[in-house]
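Q: I have a structure I would like to understand better, so I am pasting it below and will then ask my questions one at a time.
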Amino acid sequence: MASGLNIAAARIATAAINHTLGNRKKFSPLGAVQAARSPQLSELIKEMNPKNAKNDNRLSIIQGQSTPQARVTLNYRPQHEATVKTSRTVANGSNPVGATALNVDYNTHRELDLTYRTVDLMALEKEAETYLQKLNAGQLTVNLPGFQLLSDMGDQIMRKSDSVLVNVNTSVLTAIISAVGGNLLLGTSSNTAVQNIQAFNSDGSVNPNVMDWFNNMRTVHQFEGRPIVIGGLKALTYFSRKKIVSPAAIGYDFAKVFAELDVEFYYDPLVDTLSGQDHIIVIDPGAFCMETIAEHEDVIMQQKVANTTYGSATISVAQTDAPTFSLDMDIRVKEEDLAYPQWTITPSIHFGTFARPAGYHKNYDGWETVTGVFRAKLI
């Protein structure tokens, strides 16, 4: 696709700088998506995966929709309160209670369009293409049969994908907040309030109440893994003290306190906006997750229809002080036979979220409000 034009020195400098530390693409914080894709949730995500559900006959297509929408059915069997007798009698007991079905719908879709004209392809230079190919190596992987995606096209996707990912993250965080349920630390009734926790003392030092609260939360609600926490700047400040706190300076061995409880924390400033200022969202591992569906594998089975080619892509996003995570997406290219041909490239992501329903574990003693997603405020 080289046009024979000489690449300008300024463009070489820009491309070269992009390879250096601190000058790569910076994505917005995506704490909600990271939390919903936590390694602790791998088994739950596996159950939600449409391919696995299809193999288990748990995948269906919602009827009456104008476009195909996948539904995965999950079953659960909550514990029920029983009447205990204190003497030996002859009487009929309660009948067996069947499982409860929960549907997870893959009905959330986000995409963007990029159009390349013939004149755009003529402007591509071999040197710039080589730089861009190296720049996005490991961040964007594309599988598009019969179509060679130029590295500049991939770079355009990467340069615009932040907006799509932020939109996806907002949708996921909204779903997490909607899934907040009861908190048994507040009692067995009227237990859905946002609990206040003193995180900092008047002198600015961190307060151990937060770690005590997490320990109590884990014990009372019987967490089986590490609490997954999403929070804004105040939560980030608190958890960052874990690395720099000095017992000699504050008269308290916080290093030991933090070591006692390993919290999986993700920074997301949207929590302050969508939930409340200085809020934290705490997820019991297994209570919430997000999974994508590969529509070009499970819905549109053809690799090419008319002038459109269907494929897939994976984008890897690095975040500060958090593991890099990857999201699978679909990608399609529409070729237009105009006087001068053009190509429209559309990466898209189709996903669903699972939220543990209230009363999943028990239907009594306050557990009928508990979902495993909690909310508190650091003060």
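Labels used: A, B, ... for chains in the order of the structure tokens, numbers from 1 for residues in each chain, and numbers from 1 for ligands as shown.
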So that each row is one residue of segment 85-121 of chain A with an atom at most 10 Å from segment 51-60 of chain A, can you give its shortest atom pair and the distance in Å to one decimal, using only C-alpha atoms, rows by chain and rising number, as JSON lines?

A:
{"residue": "A:Asn103", "atom": "CA", "partner": "A:Arg58", "partner_atom": "CA", "distance": 9.6}
{"residue": "A:Val104", "atom": "CA", "partner": "A:Leu59", "partner_atom": "CA", "distance": 9.7}
{"residue": "A:Asp105", "atom": "CA", "partner": "A:Ser60", "partner_atom": "CA", "distance": 9.6}

Q: Could those selected residues go to a file with N, CA and C atoms, as a short mmCIF file (atom, residue, chain, number, x, y, z; two decimals), in the first residue's frame?

A:
data_model
loop_
_atom_site.label_atom_id
_atom_site.label_comp_id
_atom_site.auth_asym_id
_atom_site.auth_seq_id
_atom_site.Cartn_x
_atom_site.Cartn_y
_atom_site.Cartn_z
N ASN A 103 -32.12 -16.26 34.07
CA ASN A 103 -31.71 -16.02 32.69
C ASN A 103 -30.70 -14.88 32.62
N VAL A 104 -29.62 -15.10 31.88
CA VAL A 104 -28.63 -14.08 31.60
C VAL A 104 -28.73 -13.75 30.11
N ASP A 105 -29.14 -12.54 29.80
CA ASP A 105 -29.35 -12.15 28.41
C ASP A 105 -28.15 -11.37 27.88
#

Q: Quick one: residues within 7 Å of Leu41 of chain A, only C-alpha atoms, excluding same-chain residues fewer than 3 positions away - as a list in words?

A: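 Counting only C-alpha atoms, the residues come to Arg37, Ser38, Leu44, Ile45, Pro285, Gly286 and Cys289 of chain A.
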
Q: Show me, as a list in words, the residues that have an atom within 6 Å of segment 178-183 of chain A when counting only C-alpha atoms, minus same-chain residues fewer than 5 positions from it.

A: Asn191, Thr192, Thr369, Val370, Thr371, Val373 and Phe374 of chain A

Q: For those residues, write N, CA and C atoms to a file as an mmCIF file, in the first residue's frame.

A:
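Below you can see out.cif, which holds the result:
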data_model
loop_
_atom_site.group_PDB
_atom_site.id
_atom_site.type_symbol
_atom_site.label_atom_id
_atom_site.label_comp_id
_atom_site.auth_asym_id
_atom_site.auth_seq_id
_atom_site.Cartn_x
_atom_site.Cartn_y
_atom_site.Cartn_z
ATOM 1 N N ASN A 191 -31.623 -3.589 55.872
ATOM 2 C CA ASN A 191 -30.159 -3.688 55.854
ATOM 3 C C ASN A 191 -29.553 -3.295 54.502
ATOM 4 N N THR A 192 -30.234 -2.433 53.768
ATOM 5 C CA THR A 192 -29.739 -2.054 52.442
ATOM 6 C C THR A 192 -29.137 -0.646 52.406
ATOM 7 N N THR A 369 -32.308 -10.645 51.345
ATOM 8 C CA THR A 369 -31.945 -9.387 50.673
ATOM 9 C C THR A 369 -30.512 -9.396 50.158
ATOM 10 N N VAL A 370 -29.731 -10.400 50.560
ATOM 11 C CA VAL A 370 -28.299 -10.407 50.254
ATOM 12 C C VAL A 370 -28.057 -10.903 48.829
ATOM 13 N N THR A 371 -27.302 -10.114 48.069
ATOM 14 C CA THR A 371 -26.923 -10.492 46.710
ATOM 15 C C THR A 371 -25.440 -10.829 46.594
ATOM 16 N N VAL A 373 -23.288 -8.268 46.580
ATOM 17 C CA VAL A 373 -22.712 -6.992 46.169
ATOM 18 C C VAL A 373 -23.093 -5.968 47.221
ATOM 19 N N PHE A 374 -22.093 -5.288 47.784
ATOM 20 C CA PHE A 374 -22.309 -4.391 48.918
ATOM 21 C C PHE A 374 -21.778 -2.993 48.588
#

Q: Just want the 7 Å neighbourhood of segment 375-378 of chain A, counted on only C-alpha atoms, with same-chain residues fewer than 4 positions away dropped. Output as a list of chain:residue names.

A: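 Neighbouring residues, sequence-local ones excluded: A:Val180, A:Val194, A:Gln195, A:Asn196, A:Ile197, A:Gln198, A:Ala199, A:Asp278, A:His279, A:Ile280, A:Ile281, A:Val282.
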
Q: Determine, counting only C-alpha atoms, which protein, DNA and RNA residues have an atom within 9 Å of an atom of Ile157 of chain A; residues of the same chain fewer than 6 positions away are not included. Present the result as number ranges by chain.

A: A: 112, 114, 140, 345-347

Q: Now that the selection is made, can you save its residues with all heavy atoms as a short mmCIF file (atom, residue, chain, number, x, y, z; two decimals), in the first residue's frame?

A:
data_model
loop_
_atom_site.label_atom_id
_atom_site.label_comp_id
_atom_site.auth_asym_id
_atom_site.auth_seq_id
_atom_site.Cartn_x
_atom_site.Cartn_y
_atom_site.Cartn_z
N LEU A 112 -18.30 0.78 16.78
CA LEU A 112 -17.95 2.02 16.10
C LEU A 112 -17.57 1.68 14.67
O LEU A 112 -17.20 0.54 14.35
CB LEU A 112 -16.82 2.77 16.81
CG LEU A 112 -15.45 2.10 16.96
CD1 LEU A 112 -14.58 2.34 15.73
CD2 LEU A 112 -14.72 2.65 18.19
N LEU A 114 -15.29 2.74 11.15
CA LEU A 114 -14.15 3.44 10.57
C LEU A 114 -14.17 3.18 9.06
O LEU A 114 -14.25 2.03 8.63
CB LEU A 114 -12.83 2.92 11.16
CG LEU A 114 -12.67 3.04 12.68
CD1 LEU A 114 -11.48 2.22 13.14
CD2 LEU A 114 -12.50 4.48 13.09
N LEU A 140 -3.53 -5.57 20.03
CA LEU A 140 -4.67 -5.85 19.16
C LEU A 140 -4.33 -7.05 18.28
O LEU A 140 -3.35 -7.03 17.54
CB LEU A 140 -5.01 -4.64 18.29
CG LEU A 140 -6.19 -4.83 17.32
CD1 LEU A 140 -7.50 -4.97 18.11
CD2 LEU A 140 -6.29 -3.68 16.34
N ILE A 345 -14.80 -0.51 8.40
CA ILE A 345 -14.40 -1.49 9.42
C ILE A 345 -15.20 -1.22 10.69
O ILE A 345 -15.22 -0.10 11.20
CB ILE A 345 -12.90 -1.38 9.70
CG1 ILE A 345 -12.11 -1.55 8.40
CG2 ILE A 345 -12.46 -2.40 10.73
CD1 ILE A 345 -10.70 -1.04 8.49
N THR A 346 -15.86 -2.25 11.22
CA THR A 346 -16.71 -2.08 12.39
C THR A 346 -16.35 -3.09 13.47
O THR A 346 -16.77 -4.25 13.41
CB THR A 346 -18.20 -2.23 12.02
OG1 THR A 346 -18.52 -1.32 10.97
CG2 THR A 346 -19.09 -1.94 13.22
N PRO A 347 -15.56 -2.70 14.47
CA PRO A 347 -15.38 -3.56 15.65
C PRO A 347 -16.60 -3.42 16.56
O PRO A 347 -17.14 -2.31 16.72
CB PRO A 347 -14.11 -3.01 16.31
CG PRO A 347 -14.03 -1.60 15.85
CD PRO A 347 -14.71 -1.50 14.52
#

Q: Can you work out which one of A:Asp203, A:Asp284, A:Glu335, A:Glu47 has the shortest atom-to-atom distance to Arg356 of chain A, counting only C-alpha atoms?

A: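 For Arg356 of chain A, the nearest of the candidates is A:Asp284.
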
Q: For the atom pair atom CA of Gly204 of chain A and atom CA of Thr273 of chain A, what is the interatomic distance in Å to one decimal place?

A: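 Pair atom CA of Gly204 of chain A / atom CA of Thr273 of chain A returns 23.9 Å.
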
Q: For Asn143 of chain A, find every residue with an atom within 8 Å (counting only C-alpha atoms), except residues of its own chain fewer than 2 positions away, and show them as a VMD selection string.

A: chain A and resid 141 145 311 to 313

Q: Which residues are near Gly232 of chain A? Cut-off 9 Å, only C-alpha atoms, ignore same chain within fewer than 2 positions. Put them as an MDAnalysis selection string.

A: chainID A and resid 230 234:237 266:272 277:280

Q: Would you please work out which residue, of A:Pro357, A:Asp113, A:Asn207, A:Glu297, is nearest to Asp328 of chain A when using only C-alpha atoms?

A: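 Answer, going by the shortest atom-to-atom distance: A:Glu297.
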
Q: If you run DSSP on the backbone here, which positions in segment 292-327 of chain A get strand (DSSP E)? Please write them as an MDAnalysis selection string.

A: chainID A and resid 292 304:305 308:319 322:327

Q: Emit the selected residues as a compact mmCIF listing (two decimals), in the first residue's frame, including N, CA, C and O atoms.

A:
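File part04.txt, as written:
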# COMPACT_ATOMS: atom_id res chain seq x y z
N THR A 292 -18.56 -11.79 27.22
CA THR A 292 -18.92 -11.38 25.87
C THR A 292 -19.37 -12.61 25.07
O THR A 292 -19.07 -13.75 25.43
N LYS A 304 -18.15 -14.82 5.21
CA LYS A 304 -18.36 -13.73 4.25
C LYS A 304 -19.78 -13.84 3.68
O LYS A 304 -20.21 -14.92 3.29
N VAL A 305 -20.49 -12.72 3.67
CA VAL A 305 -21.82 -12.64 3.08
C VAL A 305 -21.85 -11.40 2.20
O VAL A 305 -21.59 -10.29 2.68
N THR A 308 -19.49 -8.29 2.73
CA THR A 308 -19.05 -8.10 4.12
C THR A 308 -18.31 -9.34 4.61
O THR A 308 -18.80 -10.46 4.48
N THR A 309 -17.14 -9.12 5.19
CA THR A 309 -16.33 -10.19 5.77
C THR A 309 -16.45 -10.12 7.30
O THR A 309 -16.36 -9.04 7.88
N TYR A 310 -16.62 -11.29 7.93
CA TYR A 310 -16.82 -11.34 9.38
C TYR A 310 -15.64 -12.04 10.06
O TYR A 310 -15.17 -13.08 9.60
N GLY A 311 -15.17 -11.45 11.14
CA GLY A 311 -14.06 -12.03 11.88
C GLY A 311 -14.11 -11.65 13.34
O GLY A 311 -15.16 -11.24 13.87
N SER A 312 -12.99 -11.76 14.02
CA SER A 312 -12.93 -11.47 15.45
C SER A 312 -11.65 -10.72 15.77
O SER A 312 -10.72 -10.67 14.97
N ALA A 313 -11.61 -10.14 16.95
CA ALA A 313 -10.43 -9.41 17.41
C ALA A 313 -10.35 -9.50 18.92
O ALA A 313 -11.35 -9.75 19.61
N THR A 314 -9.16 -9.31 19.43
CA THR A 314 -8.94 -9.26 20.87
C THR A 314 -8.13 -8.01 21.17
O THR A 314 -7.10 -7.76 20.55
N ILE A 315 -8.61 -7.23 22.13
CA ILE A 315 -7.91 -6.02 22.53
C ILE A 315 -7.42 -6.20 23.96
O ILE A 315 -8.17 -6.66 24.83
N SER A 316 -6.16 -5.88 24.19
CA SER A 316 -5.56 -6.00 25.52
C SER A 316 -5.31 -4.60 26.07
O SER A 316 -4.71 -3.77 25.40
N VAL A 317 -5.78 -4.37 27.28
CA VAL A 317 -5.72 -3.04 27.88
C VAL A 317 -4.89 -3.09 29.16
O VAL A 317 -5.16 -3.90 30.05
N ALA A 318 -3.89 -2.24 29.23
CA ALA A 318 -3.04 -2.16 30.42
C ALA A 318 -3.53 -1.01 31.32
O ALA A 318 -3.90 0.05 30.83
N GLN A 319 -3.56 -1.27 32.62
CA GLN A 319 -3.97 -0.26 33.59
C GLN A 319 -2.88 -0.13 34.65
O GLN A 319 -2.18 -1.10 34.97
N ALA A 322 -2.55 -2.61 37.95
CA ALA A 322 -3.55 -3.67 37.81
C ALA A 322 -3.14 -4.54 36.63
O ALA A 322 -2.52 -4.06 35.69
N PRO A 323 -3.50 -5.81 36.67
CA PRO A 323 -3.09 -6.70 35.57
C PRO A 323 -3.72 -6.27 34.25
O PRO A 323 -4.84 -5.76 34.20
N THR A 324 -2.96 -6.46 33.16
CA THR A 324 -3.52 -6.24 31.83
C THR A 324 -4.63 -7.25 31.60
O THR A 324 -4.52 -8.42 31.97
N PHE A 325 -5.73 -6.81 31.01
CA PHE A 325 -6.82 -7.73 30.73
C PHE A 325 -7.22 -7.62 29.27
O PHE A 325 -6.96 -6.62 28.60
N SER A 326 -7.85 -8.66 28.75
CA SER A 326 -8.22 -8.72 27.35
C SER A 326 -9.72 -8.87 27.19
O SER A 326 -10.39 -9.49 28.03
N LEU A 327 -10.24 -8.30 26.11
CA LEU A 327 -11.65 -8.44 25.76
C LEU A 327 -11.75 -8.92 24.33
O LEU A 327 -11.10 -8.38 23.43

Q: Would you mind writing down, as JSON, numbers by chain, each residue of segment 163-344 of chain A that DSSP on the backbone assigns to alpha helix (DSSP H)?

A: {"A": [163, 164, 165, 166, 167, 168, 169, 170, 171, 172, 173, 174, 175, 176, 177, 178, 209, 210, 211, 212, 213, 214, 215, 216, 217, 218, 219, 220, 221, 233, 234, 235, 236, 237, 238, 239, 240, 241, 242, 243, 244, 247, 248, 249, 250, 254, 255, 256, 257, 258, 259, 260, 270, 271, 272, 273, 274, 295, 296, 297, 298]}

Q: Please, what distance in Å, to one decimal, runs between atom CA of Asn209 of chain A and atom CA of Glu224 of chain A?

A: 21.6 Å
